[in-house]
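K.L.:
Here it is: the structure, laid out below.
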Amino acid sequence: MSVFVVGLNGCRLMPTSERKARLLLKHGKASVYRKVPFTIKLNYKTGSTTQSGYLGIDTGSQHIGVSVVREDGTVLHKEEIGLRDSMSKRKLMQSRASSRRGRRHRKTRYRHPKWRPKAKRVYCEIPDRKGRHWKKKEITFASKRAKGWLPPSLQSKTDHHIWWIKKLQDLLPEGYRLSIELGRFDPARLKDPEIHGELYQKGPQYDYENVRAYVLNRDRYTCQVCGKKGGKLHVHHILYRSHGATDDPQYMATVCSDCHNTENHQQGGILYQWMQKQKKFTRGLRDATFMNILRKRLIEAFPGATFTYGNITKADRERLRLPKSHGNDATAIAIVKTGIMTVKDKEPVIYIQQVRRKKRSLHEETPRKGRKEPNRKASRYDKNTKAVTVTKRKNKKKITITGCLFDRVELNGKKGWISGFTDKSCYVKDENDQYIRTSPKYKQVSLSKLKILHHCGNWAIGARQSLGKG
């Protein structure tokens with residue numbers, strides 16, 4: 001694994017080997033400058049001669065591939081960065097939204113709704129000619145969103161792409177060319193490969209009032225479970241709204257009120273079987289939509305970069321005889337349009353997974369199991385703990401240990417991450433999302449038995465999948 005190097009005066013130098021970095025740190029000639037990615041800073045003056053190279057970025061809605069390649073085709077660094085899953089964030093936001101709406105309803109019972117088109121009185125510091133400070137201002141329906149606004153989920157993913165690219169550019173010496181793979185998708189053609197011409201404007205739902213009317217007419221107002229015609233009919237989402245289903249008519253069906261019940265929705269029911277069969281066929285068009293947005297933002301943020309597309313990357317990767325992975329795709333992207341025919345790749349892949357900074361529930365919504373009385377005093381939720389400090393004795397001296405959420409730790413030779421706390425104990429999970437225990441009966445581990453390797457913050461180093469609930 002290559003290590004990034006920063007000079008004494010802050011200039012960016014060529015990456016060095018892991019062994020040389022370890023010797024420099026051991027003899028005090030360098031200090032740790034950054035842990036993600038691992039970077040050292042020299043403590044003595046040195047020359048600033050550098051070589052040119054290539055930085056390749058494989059963009060995606062769920063993963064980011066990174067590869068640093070030298071001019072002679074030697075791979076110096078590879079990373080695979082996993083972003084938070086959209087569905088896990090969506091479920092968390094839905095639960096917070098339901099709690100927020102309930103709280104708003106309880107505490108502002110008689111508040112006037114915002115959408116009522118009436119004028120409101122606004123206090124102005126500067127009075128008018130008659131000395132009045134209060135003025136009437138009409139409520140408009142114009143959007144307050146700035147130009148280029150994105151939903152928070154898409155904005156965070158876009159910002160993470162730009163942030164990681166700039167972070168790597170700040171560690172590499174000048175002269176490294178930036179290459180980025182972009183994605184361009186046609187959502188209408190993804191739905192129907194035969195679409196052309198005026199069908200883009202009309203589509204299958206042309207002349208129908210809404211999606212419900214189209215689905216009912218397509219199914220001839222007949223229940224697709226029992227074959228009953230007429231009566232009270234429902235338009236059922238085959239993939240379930242709770243699992244992220246969209247209003248795509250391809251995954252909607254007409255079901256009568258007798259068949260659209262709780263039993264059929266649960267495991268073993270006919271609607272549950274439909275969901276299990278159709279679930280693996282599609283992810284919807286969320287990822288394609290995000291890649292179209294990301295393409296425009298990256299072109300604006302890095303106008304001097306070299307851009308390529310997936311079909312070119314696949315051909316280059318197969319020519320280099322590299323297996324399919326985000327890191328190898330980034331290697332093929334880095335050397336695009338350079339004429340390099342072979343690469344020397346002996347670098348291990350560094351896996352980094354984005355995790356939640358903290359659990360957002362400040363107070364518990366419902367009483368925990370075992371609580372004798374409801375939480376009427378709105379005391380803080382103990383499971384929202386971000387860090388725990390314990391004191392233990394070592395060589396007759398008191399040592400203080402502080403463990404934070406998602407810190408990288410070691411227990412009995414096994415490495416993992418702290419996923420939660422209970423009093424002075426914690427839960428530790430490995431890279432397979434399994435608990436690391438000291439006893440077969442209990443999941444909790446005393447914090448004093450752990451060896452804290454490093455603090456991870458928002459990015460868990462070494463994790464190949466999301467930890468906890470995303």
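Please note that chains go A, B, ... in the order of the structure tokens, that every chain numbers its residues from 1, and that ligands are numbered from 1 in the order shown.
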Quick one: residues within 12 Å of Gly28 in chain A, only C-alpha atoms counted, chain neighbours fewer than 5 positions away excluded, as a PyMOL selection string?
P.N.:
chain A and resi 21-23+40-44
K.L.:
Could those selected residues go to a file with C-alpha atoms, as a tab-separated table (two decimals), in the first residue's frame?
P.N.:
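Saved the output as again19.tsv:
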chain	number	residue	atom	x	y	z
A	21	ALA	CA	6.71	5.41	5.84
A	22	ARG	CA	6.88	3.10	8.87
A	23	LEU	CA	10.63	3.70	9.25
A	40	ILE	CA	2.51	11.46	6.54
A	41	LYS	CA	4.23	14.85	6.83
A	42	LEU	CA	8.02	15.08	6.78
A	43	ASN	CA	9.79	16.82	9.65
A	44	TYR	CA	12.90	17.74	7.65
K.L.:
Give me, as an NGL selection string, the residues of range 259-470 of chain A that a backbone DSSP run labels strand (DSSP E or B).
P.N.:
:A and (306-309 or 344 or 350-354 or 387-394 or 397-404 or 408-411 or 414-422 or 425-429 or 435 or 445-446 or 451-454 or 459-461)
K.L.:
Any idea what's packed within 8 Å of range 429-446 of chain A, counting only C-alpha atoms, ignoring anything in its chain fewer than 3 positions away? Could you give it as a PDB file with N, CA, C and O atoms, in the first residue's frame?
P.N.:
ATOM      1  N   LEU A 411     -10.460  -6.693  19.415  1.00  0.00           N
ATOM      2  CA  LEU A 411     -10.876  -7.491  20.565  1.00  0.00           C
ATOM      3  C   LEU A 411     -10.472  -8.937  20.339  1.00  0.00           C
ATOM      4  O   LEU A 411     -10.937  -9.580  19.395  1.00  0.00           O
ATOM      5  N   LYS A 414      -9.438  -9.908  16.874  1.00  0.00           N
ATOM      6  CA  LYS A 414     -10.407  -9.632  15.816  1.00  0.00           C
ATOM      7  C   LYS A 414     -10.673  -8.133  15.750  1.00  0.00           C
ATOM      8  O   LYS A 414     -10.822  -7.479  16.786  1.00  0.00           O
ATOM      9  N   LYS A 415     -10.766  -7.614  14.534  1.00  0.00           N
ATOM     10  CA  LYS A 415     -10.981  -6.183  14.341  1.00  0.00           C
ATOM     11  C   LYS A 415     -12.428  -5.923  13.934  1.00  0.00           C
ATOM     12  O   LYS A 415     -13.036  -6.708  13.206  1.00  0.00           O
ATOM     13  N   GLY A 416     -12.953  -4.828  14.418  1.00  0.00           N
ATOM     14  CA  GLY A 416     -14.333  -4.459  14.108  1.00  0.00           C
ATOM     15  C   GLY A 416     -14.588  -3.003  14.423  1.00  0.00           C
ATOM     16  O   GLY A 416     -13.655  -2.200  14.589  1.00  0.00           O
ATOM     17  N   TRP A 417     -15.868  -2.651  14.539  1.00  0.00           N
ATOM     18  CA  TRP A 417     -16.280  -1.266  14.772  1.00  0.00           C
ATOM     19  C   TRP A 417     -17.324  -1.229  15.876  1.00  0.00           C
ATOM     20  O   TRP A 417     -18.169  -2.123  15.990  1.00  0.00           O
ATOM     21  N   ILE A 418     -17.292  -0.175  16.682  1.00  0.00           N
ATOM     22  CA  ILE A 418     -18.296   0.012  17.733  1.00  0.00           C
ATOM     23  C   ILE A 418     -19.605   0.433  17.072  1.00  0.00           C
ATOM     24  O   ILE A 418     -19.655   1.434  16.359  1.00  0.00           O
ATOM     25  N   SER A 419     -20.672  -0.315  17.302  1.00  0.00           N
ATOM     26  CA  SER A 419     -21.967  -0.022  16.670  1.00  0.00           C
ATOM     27  C   SER A 419     -22.997   0.542  17.633  1.00  0.00           C
ATOM     28  O   SER A 419     -24.066   0.969  17.213  1.00  0.00           O
ATOM     29  N   THR A 422     -24.191   0.534  25.720  1.00  0.00           N
ATOM     30  CA  THR A 422     -25.102   0.322  26.840  1.00  0.00           C
ATOM     31  C   THR A 422     -24.312   0.574  28.113  1.00  0.00           C
ATOM     32  O   THR A 422     -23.448  -0.237  28.474  1.00  0.00           O
ATOM     33  N   LYS A 424     -21.534   1.358  30.327  1.00  0.00           N
ATOM     34  CA  LYS A 424     -20.078   1.362  30.104  1.00  0.00           C
ATOM     35  C   LYS A 424     -19.631   0.254  29.154  1.00  0.00           C
ATOM     36  O   LYS A 424     -18.429   0.003  29.009  1.00  0.00           O
ATOM     37  N   SER A 425     -20.584  -0.410  28.544  1.00  0.00           N
ATOM     38  CA  SER A 425     -20.271  -1.466  27.577  1.00  0.00           C
ATOM     39  C   SER A 425     -20.663  -1.014  26.174  1.00  0.00           C
ATOM     40  O   SER A 425     -21.290   0.032  25.993  1.00  0.00           O
ATOM     41  N   CYS A 426     -20.275  -1.800  25.185  1.00  0.00           N
ATOM     42  CA  CYS A 426     -20.574  -1.443  23.798  1.00  0.00           C
ATOM     43  C   CYS A 426     -20.783  -2.710  22.981  1.00  0.00           C
ATOM     44  O   CYS A 426     -20.549  -3.828  23.449  1.00  0.00           O
ATOM     45  N   LYS A 449     -11.894  -3.653  27.748  1.00  0.00           N
ATOM     46  CA  LYS A 449     -11.230  -4.804  27.114  1.00  0.00           C
ATOM     47  C   LYS A 449     -10.846  -4.529  25.660  1.00  0.00           C
ATOM     48  O   LYS A 449     -10.199  -5.357  25.023  1.00  0.00           O
ATOM     49  N   LEU A 450     -11.255  -3.381  25.129  1.00  0.00           N
ATOM     50  CA  LEU A 450     -11.000  -3.072  23.726  1.00  0.00           C
ATOM     51  C   LEU A 450      -9.691  -2.321  23.556  1.00  0.00           C
ATOM     52  O   LEU A 450      -9.254  -1.581  24.441  1.00  0.00           O
ATOM     53  N   GLY A 462     -12.105   0.041   6.146  1.00  0.00           N
ATOM     54  CA  GLY A 462     -12.059  -1.413   6.140  1.00  0.00           C
ATOM     55  C   GLY A 462     -13.410  -2.075   6.007  1.00  0.00           C
ATOM     56  O   GLY A 462     -13.476  -3.281   5.757  1.00  0.00           O
ATOM     57  N   ALA A 463     -14.512  -1.325   6.190  1.00  0.00           N
ATOM     58  CA  ALA A 463     -15.847  -1.911   6.106  1.00  0.00           C
ATOM     59  C   ALA A 463     -16.265  -2.010   4.646  1.00  0.00           C
ATOM     60  O   ALA A 463     -16.129  -1.060   3.874  1.00  0.00           O
ATOM     61  N   ARG A 464     -16.780  -3.179   4.266  1.00  0.00           N
ATOM     62  CA  ARG A 464     -17.218  -3.403   2.889  1.00  0.00           C
ATOM     63  C   ARG A 464     -18.717  -3.229   2.709  1.00  0.00           C
ATOM     64  O   ARG A 464     -19.212  -3.272   1.593  1.00  0.00           O
ATOM     65  N   GLN A 465     -19.461  -3.079   3.795  1.00  0.00           N
ATOM     66  CA  GLN A 465     -20.890  -2.876   3.705  1.00  0.00           C
ATOM     67  C   GLN A 465     -21.310  -1.966   4.866  1.00  0.00           C
ATOM     68  O   GLN A 465     -20.551  -1.698   5.777  1.00  0.00           O
ATOM     69  N   LEU A 467     -22.860  -0.468   8.201  1.00  0.00           N
ATOM     70  CA  LEU A 467     -22.892  -0.971   9.555  1.00  0.00           C
ATOM     71  C   LEU A 467     -24.165  -0.504  10.233  1.00  0.00           C
ATOM     72  O   LEU A 467     -24.564   0.654  10.108  1.00  0.00           O
ATOM     73  N   GLY A 468     -24.813  -1.386  10.962  1.00  0.00           N
ATOM     74  CA  GLY A 468     -26.027  -1.015  11.666  1.00  0.00           C
ATOM     75  C   GLY A 468     -27.166  -0.741  10.706  1.00  0.00           C
ATOM     76  O   GLY A 468     -27.364  -1.433   9.709  1.00  0.00           O
TER      77      GLY A 468
END
K.L.:
Name the residues of range 66-146 of chain A that come out as alpha helix (DSSP H) in a backbone DSSP run; write them as a tab-separated table (two decimals) with N, CA and C atoms, in the first residue's frame.
P.N.:
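Written output follows (part.tsv):
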chain	number	residue	atom	x	y	z
A	86	SER	N	-29.72	4.64	-0.21
A	86	SER	CA	-30.84	5.57	-0.31
A	86	SER	C	-32.05	5.06	0.45
A	87	MET	N	-32.30	3.75	0.42
A	87	MET	CA	-33.49	3.21	1.06
A	87	MET	C	-33.38	3.27	2.58
A	88	SER	N	-32.20	3.03	3.15
A	88	SER	CA	-32.06	3.11	4.60
A	88	SER	C	-32.27	4.55	5.07
A	89	LYS	N	-31.74	5.51	4.30
A	89	LYS	CA	-31.97	6.92	4.66
A	89	LYS	C	-33.44	7.29	4.52
A	90	ARG	N	-34.09	6.74	3.51
A	90	ARG	CA	-35.50	7.07	3.29
A	90	ARG	C	-36.36	6.57	4.44
A	91	LYS	N	-36.10	5.37	4.94
A	91	LYS	CA	-36.88	4.84	6.05
A	91	LYS	C	-36.66	5.67	7.31
A	92	LEU	N	-35.41	6.09	7.55
A	92	LEU	CA	-35.13	6.91	8.72
A	92	LEU	C	-35.82	8.27	8.62
A	93	MET	N	-35.81	8.86	7.43
A	93	MET	CA	-36.46	10.16	7.25
A	93	MET	C	-37.97	10.05	7.39
A	94	GLN	N	-38.54	8.93	6.91
A	94	GLN	CA	-39.99	8.74	7.06
A	94	GLN	C	-40.39	8.62	8.52
A	95	SER	N	-39.60	7.90	9.32
A	95	SER	CA	-39.93	7.77	10.75
A	95	SER	C	-39.80	9.11	11.45
A	96	ARG	N	-38.76	9.89	11.11
A	96	ARG	CA	-38.61	11.22	11.72
A	96	ARG	C	-39.73	12.15	11.28
A	97	ALA	N	-40.16	12.04	10.00
A	97	ALA	CA	-41.23	12.91	9.51
A	97	ALA	C	-42.55	12.62	10.22
A	98	SER	N	-42.84	11.32	10.46
A	98	SER	CA	-44.08	10.98	11.15
A	98	SER	C	-44.08	11.50	12.57
A	99	SER	N	-42.93	11.40	13.26
A	99	SER	CA	-42.84	11.94	14.62
A	99	SER	C	-42.97	13.46	14.61
A	100	ARG	N	-42.35	14.09	13.64
A	100	ARG	CA	-42.41	15.56	13.57
A	100	ARG	C	-43.82	16.05	13.30
A	101	ARG	N	-44.56	15.36	12.42
A	101	ARG	CA	-45.94	15.77	12.13
A	101	ARG	C	-46.84	15.57	13.35
A	102	GLY	N	-46.65	14.46	14.04
A	102	GLY	CA	-47.44	14.25	15.25
A	102	GLY	C	-47.16	15.29	16.31
A	103	ARG	N	-45.89	15.64	16.49
A	103	ARG	CA	-45.51	16.66	17.48
A	103	ARG	C	-46.08	18.02	17.09
A	104	ARG	N	-46.01	18.33	15.80
A	104	ARG	CA	-46.54	19.61	15.33
A	104	ARG	C	-48.05	19.69	15.53
A	105	HIS	N	-48.75	18.58	15.33
A	105	HIS	CA	-50.20	18.55	15.49
A	105	HIS	C	-50.57	18.73	16.96
A	106	ARG	N	-49.78	18.14	17.86
A	106	ARG	CA	-50.10	18.25	19.28
A	106	ARG	C	-49.83	19.65	19.84
A	107	LYS	N	-48.75	20.27	19.39
A	107	LYS	CA	-48.31	21.52	20.00
A	107	LYS	C	-48.82	22.76	19.28
K.L.:
For Phe185 in chain A, list every protein, DNA or RNA residue within 12 Å, evaluated using only C-alpha atoms, and leave out those in the same chain fewer than 2 positions away; present the list as an MDAnalysis selection string.
P.N.:
chainID A and resid 182:183 187:191 285:295 309:310
K.L.:
Can you tell me which residues surround Ile64 in chain A at a distance of at most 12 Å, considering only C-alpha atoms, apart from same-chain residues fewer than 3 positions away, and format the answer as a PyMOL selection string?
P.N.:
chain A and resi 56-61+67+78-84+157-158+160-165+180-182+325-330+350-354
K.L.:
Just to confirm, what's the straight-line distance from CA of Ser257 in chain A to CA of Leu233 in chain A in Å (one decimal)?
P.N.:
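Result for CA of Ser257 in chain A versus CA of Leu233 in chain A: 5.9 Å, one decimal.
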K.L.:
Just how far from CA of Val235 in chain A is CA of Glu209 in chain A, in Å to one decimal?
P.N.:
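Answer for the CA of Glu209 in chain A to CA of Val235 in chain A separation: 14.6 Å.
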K.L.:
Find the distance between CA of Pro152 in chain A and CA of His243 in chain A and write it in Å to one decimal.
P.N.:
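These two atoms are separated by 19.8 Å.
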K.L.:
Show which residues sit within 12 Å of His265 in chain A, as a short mmCIF file (atom, residue, chain, number, x, y, z; two decimals) with all heavy atoms, in the first residue's frame. Count only C-alpha atoms, and ignore same-chain residues fewer than 2 positions away.
P.N.:
data_model
loop_
_atom_site.label_atom_id
_atom_site.label_comp_id
_atom_site.auth_asym_id
_atom_site.auth_seq_id
_atom_site.Cartn_x
_atom_site.Cartn_y
_atom_site.Cartn_z
N HIS A 236 -52.61 -1.69 -6.59
CA HIS A 236 -51.63 -2.23 -5.65
C HIS A 236 -50.21 -2.07 -6.20
O HIS A 236 -49.95 -2.34 -7.37
CB HIS A 236 -51.93 -3.71 -5.39
CG HIS A 236 -50.86 -4.42 -4.63
ND1 HIS A 236 -50.59 -4.16 -3.31
CD2 HIS A 236 -49.98 -5.38 -5.02
CE1 HIS A 236 -49.60 -4.93 -2.91
NE2 HIS A 236 -49.21 -5.68 -3.92
N HIS A 237 -49.27 -1.60 -5.33
CA HIS A 237 -47.85 -1.52 -5.68
C HIS A 237 -47.22 -2.89 -5.42
O HIS A 237 -47.15 -3.33 -4.26
CB HIS A 237 -47.14 -0.45 -4.86
CG HIS A 237 -47.56 0.95 -5.21
ND1 HIS A 237 -48.74 1.51 -4.77
CD2 HIS A 237 -46.96 1.89 -5.99
CE1 HIS A 237 -48.85 2.73 -5.24
NE2 HIS A 237 -47.79 3.00 -5.98
N ILE A 238 -46.77 -3.55 -6.45
CA ILE A 238 -46.25 -4.91 -6.32
C ILE A 238 -45.01 -4.94 -5.44
O ILE A 238 -44.82 -5.86 -4.64
CB ILE A 238 -45.94 -5.49 -7.72
CG1 ILE A 238 -47.25 -5.62 -8.52
CG2 ILE A 238 -45.26 -6.84 -7.61
CD1 ILE A 238 -47.04 -6.08 -9.95
N LEU A 239 -44.15 -3.94 -5.53
CA LEU A 239 -42.90 -3.93 -4.76
C LEU A 239 -43.06 -3.33 -3.38
O LEU A 239 -42.06 -3.20 -2.65
CB LEU A 239 -41.82 -3.17 -5.54
CG LEU A 239 -41.52 -3.67 -6.95
CD1 LEU A 239 -40.40 -2.86 -7.58
CD2 LEU A 239 -41.14 -5.14 -6.92
N TYR A 240 -44.29 -2.94 -2.98
CA TYR A 240 -44.60 -2.33 -1.68
C TYR A 240 -43.99 -0.92 -1.58
O TYR A 240 -42.81 -0.72 -1.84
CB TYR A 240 -44.11 -3.18 -0.52
CG TYR A 240 -44.87 -4.47 -0.27
CD1 TYR A 240 -45.81 -4.93 -1.18
CD2 TYR A 240 -44.66 -5.21 0.87
CE1 TYR A 240 -46.51 -6.10 -0.95
CE2 TYR A 240 -45.34 -6.38 1.12
CZ TYR A 240 -46.26 -6.83 0.20
OH TYR A 240 -46.95 -7.98 0.41
N ARG A 241 -44.81 0.01 -1.15
CA ARG A 241 -44.32 1.37 -0.94
C ARG A 241 -43.28 1.43 0.17
O ARG A 241 -42.36 2.24 0.15
CB ARG A 241 -45.49 2.30 -0.59
CG ARG A 241 -46.50 2.49 -1.71
CD ARG A 241 -45.83 3.11 -2.93
NE ARG A 241 -45.38 4.46 -2.67
CZ ARG A 241 -46.09 5.55 -2.89
NH1 ARG A 241 -47.32 5.44 -3.38
NH2 ARG A 241 -45.61 6.73 -2.63
N SER A 242 -43.40 0.57 1.17
CA SER A 242 -42.43 0.54 2.27
C SER A 242 -41.07 0.07 1.83
O SER A 242 -40.07 0.31 2.52
CB SER A 242 -42.95 -0.36 3.40
OG SER A 242 -43.14 -1.69 2.94
N VAL A 255 -56.33 -4.82 -7.79
CA VAL A 255 -56.71 -5.82 -6.80
C VAL A 255 -58.00 -5.35 -6.13
O VAL A 255 -58.14 -4.16 -5.81
CB VAL A 255 -55.60 -6.02 -5.74
CG1 VAL A 255 -56.01 -7.09 -4.73
CG2 VAL A 255 -54.29 -6.40 -6.40
N CYS A 259 -59.33 -9.01 -1.69
CA CYS A 259 -57.98 -9.59 -1.79
C CYS A 259 -56.90 -8.64 -1.27
O CYS A 259 -55.79 -9.08 -0.93
CB CYS A 259 -57.67 -9.96 -3.23
SG CYS A 259 -58.79 -11.19 -3.94
N HIS A 260 -57.19 -7.35 -1.21
CA HIS A 260 -56.21 -6.36 -0.75
C HIS A 260 -56.32 -6.24 0.77
O HIS A 260 -56.71 -5.20 1.31
CB HIS A 260 -56.48 -5.02 -1.44
CG HIS A 260 -55.31 -4.09 -1.40
ND1 HIS A 260 -55.20 -3.06 -0.51
CD2 HIS A 260 -54.18 -4.05 -2.16
CE1 HIS A 260 -54.08 -2.41 -0.71
NE2 HIS A 260 -53.44 -2.99 -1.70
N ASN A 261 -55.93 -7.29 1.49
CA ASN A 261 -56.05 -7.33 2.94
C ASN A 261 -54.68 -7.56 3.58
O ASN A 261 -53.67 -7.75 2.89
CB ASN A 261 -57.04 -8.41 3.37
CG ASN A 261 -56.71 -9.77 2.76
OD1 ASN A 261 -55.55 -10.09 2.52
ND2 ASN A 261 -57.74 -10.56 2.48
N THR A 262 -54.67 -7.58 4.90
CA THR A 262 -53.41 -7.72 5.64
C THR A 262 -52.78 -9.09 5.44
O THR A 262 -51.56 -9.23 5.33
CB THR A 262 -53.66 -7.46 7.13
OG1 THR A 262 -54.28 -6.19 7.29
CG2 THR A 262 -52.34 -7.47 7.90
N GLU A 263 -53.59 -10.13 5.40
CA GLU A 263 -53.07 -11.50 5.27
C GLU A 263 -52.29 -11.68 3.97
O GLU A 263 -51.23 -12.30 3.95
CB GLU A 263 -54.22 -12.51 5.35
CG GLU A 263 -54.92 -12.53 6.69
CD GLU A 263 -56.07 -13.52 6.71
OE1 GLU A 263 -56.30 -14.17 5.66
OE2 GLU A 263 -56.72 -13.66 7.77
N GLN A 267 -46.14 -12.48 4.96
CA GLN A 267 -45.42 -13.63 4.40
C GLN A 267 -46.35 -14.82 4.23
O GLN A 267 -47.08 -15.20 5.14
CB GLN A 267 -44.25 -13.99 5.32
CG GLN A 267 -43.31 -15.02 4.72
CD GLN A 267 -42.07 -15.19 5.57
OE1 GLN A 267 -41.93 -14.57 6.61
NE2 GLN A 267 -41.16 -16.03 5.12
N GLY A 268 -46.35 -15.40 3.02
CA GLY A 268 -47.22 -16.50 2.68
C GLY A 268 -48.41 -16.09 1.85
O GLY A 268 -49.05 -16.94 1.22
N GLY A 269 -48.73 -14.79 1.82
CA GLY A 269 -49.85 -14.30 1.04
C GLY A 269 -49.48 -14.13 -0.43
O GLY A 269 -48.30 -14.07 -0.80
N ILE A 270 -50.48 -14.01 -1.29
CA ILE A 270 -50.25 -13.91 -2.73
C ILE A 270 -49.56 -12.60 -3.09
O ILE A 270 -48.69 -12.56 -3.96
CB ILE A 270 -51.60 -14.07 -3.49
CG1 ILE A 270 -51.36 -14.03 -4.99
CG2 ILE A 270 -52.60 -13.01 -3.05
CD1 ILE A 270 -50.55 -15.17 -5.53
N LEU A 271 -49.92 -11.50 -2.41
CA LEU A 271 -49.29 -10.22 -2.71
C LEU A 271 -47.83 -10.22 -2.26
O LEU A 271 -46.97 -9.60 -2.92
CB LEU A 271 -50.04 -9.08 -2.03
CG LEU A 271 -51.52 -8.93 -2.42
CD1 LEU A 271 -52.14 -7.74 -1.71
CD2 LEU A 271 -51.66 -8.78 -3.93
N TYR A 272 -47.52 -10.91 -1.18
CA TYR A 272 -46.14 -11.03 -0.71
C TYR A 272 -45.31 -11.85 -1.71
O TYR A 272 -44.15 -11.55 -1.97
CB TYR A 272 -46.11 -11.68 0.66
CG TYR A 272 -44.74 -11.71 1.30
CD1 TYR A 272 -44.27 -10.63 2.03
CD2 TYR A 272 -43.91 -12.83 1.15
CE1 TYR A 272 -43.01 -10.67 2.61
CE2 TYR A 272 -42.66 -12.88 1.73
CZ TYR A 272 -42.22 -11.78 2.46
OH TYR A 272 -40.96 -11.81 3.02
N GLN A 273 -45.92 -12.90 -2.28
CA GLN A 273 -45.22 -13.71 -3.28
C GLN A 273 -44.93 -12.88 -4.54
O GLN A 273 -43.86 -13.02 -5.14
CB GLN A 273 -46.05 -14.94 -3.62
CG GLN A 273 -46.24 -15.91 -2.47
CD GLN A 273 -47.16 -17.06 -2.82
OE1 GLN A 273 -47.53 -17.25 -3.98
NE2 GLN A 273 -47.54 -17.84 -1.82
N TRP A 274 -45.87 -12.03 -4.94
CA TRP A 274 -45.62 -11.14 -6.09
C TRP A 274 -44.41 -10.25 -5.81
O TRP A 274 -43.56 -10.07 -6.68
CB TRP A 274 -46.85 -10.26 -6.33
CG TRP A 274 -48.01 -10.96 -6.95
CD1 TRP A 274 -48.10 -12.29 -7.26
CD2 TRP A 274 -49.25 -10.37 -7.33
NE1 TRP A 274 -49.32 -12.56 -7.82
CE2 TRP A 274 -50.05 -11.41 -7.88
CE3 TRP A 274 -49.77 -9.09 -7.27
CZ2 TRP A 274 -51.33 -11.17 -8.35
CZ3 TRP A 274 -51.05 -8.85 -7.74
CH2 TRP A 274 -51.82 -9.89 -8.28
N MET A 275 -44.36 -9.70 -4.61
CA MET A 275 -43.26 -8.82 -4.26
C MET A 275 -41.92 -9.55 -4.30
O MET A 275 -40.92 -9.03 -4.80
CB MET A 275 -43.52 -8.22 -2.88
CG MET A 275 -42.51 -7.15 -2.44
SD MET A 275 -41.10 -7.80 -1.53
CE MET A 275 -41.91 -8.38 -0.05
N GLN A 276 -41.89 -10.80 -3.79
CA GLN A 276 -40.65 -11.57 -3.78
C GLN A 276 -40.17 -11.89 -5.20
O GLN A 276 -38.97 -11.88 -5.48
CB GLN A 276 -40.85 -12.87 -2.99
CG GLN A 276 -41.01 -12.66 -1.50
CD GLN A 276 -39.75 -12.14 -0.85
OE1 GLN A 276 -39.60 -10.95 -0.64
NE2 GLN A 276 -38.82 -13.01 -0.54
#
K.L.:
For Gln51 in chain A, which of A:Tyr33, A:Lys20, A:Pro173, A:Tyr208 is the closest residue, counting only C-alpha atoms?
P.N.:
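Comparing A:Tyr33, A:Lys20, A:Pro173, A:Tyr208 against Gln51 in chain A, the winner is A:Pro173.
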K.L.:
Fewer than 2 positions away in the same chain doesn't count, so skip those; otherwise give me all residues within 7 Å of Gly175 in chain A, counting only C-alpha atoms, as an MDAnalysis selection string.
P.N.:
chainID A and resid 52:53 173 177
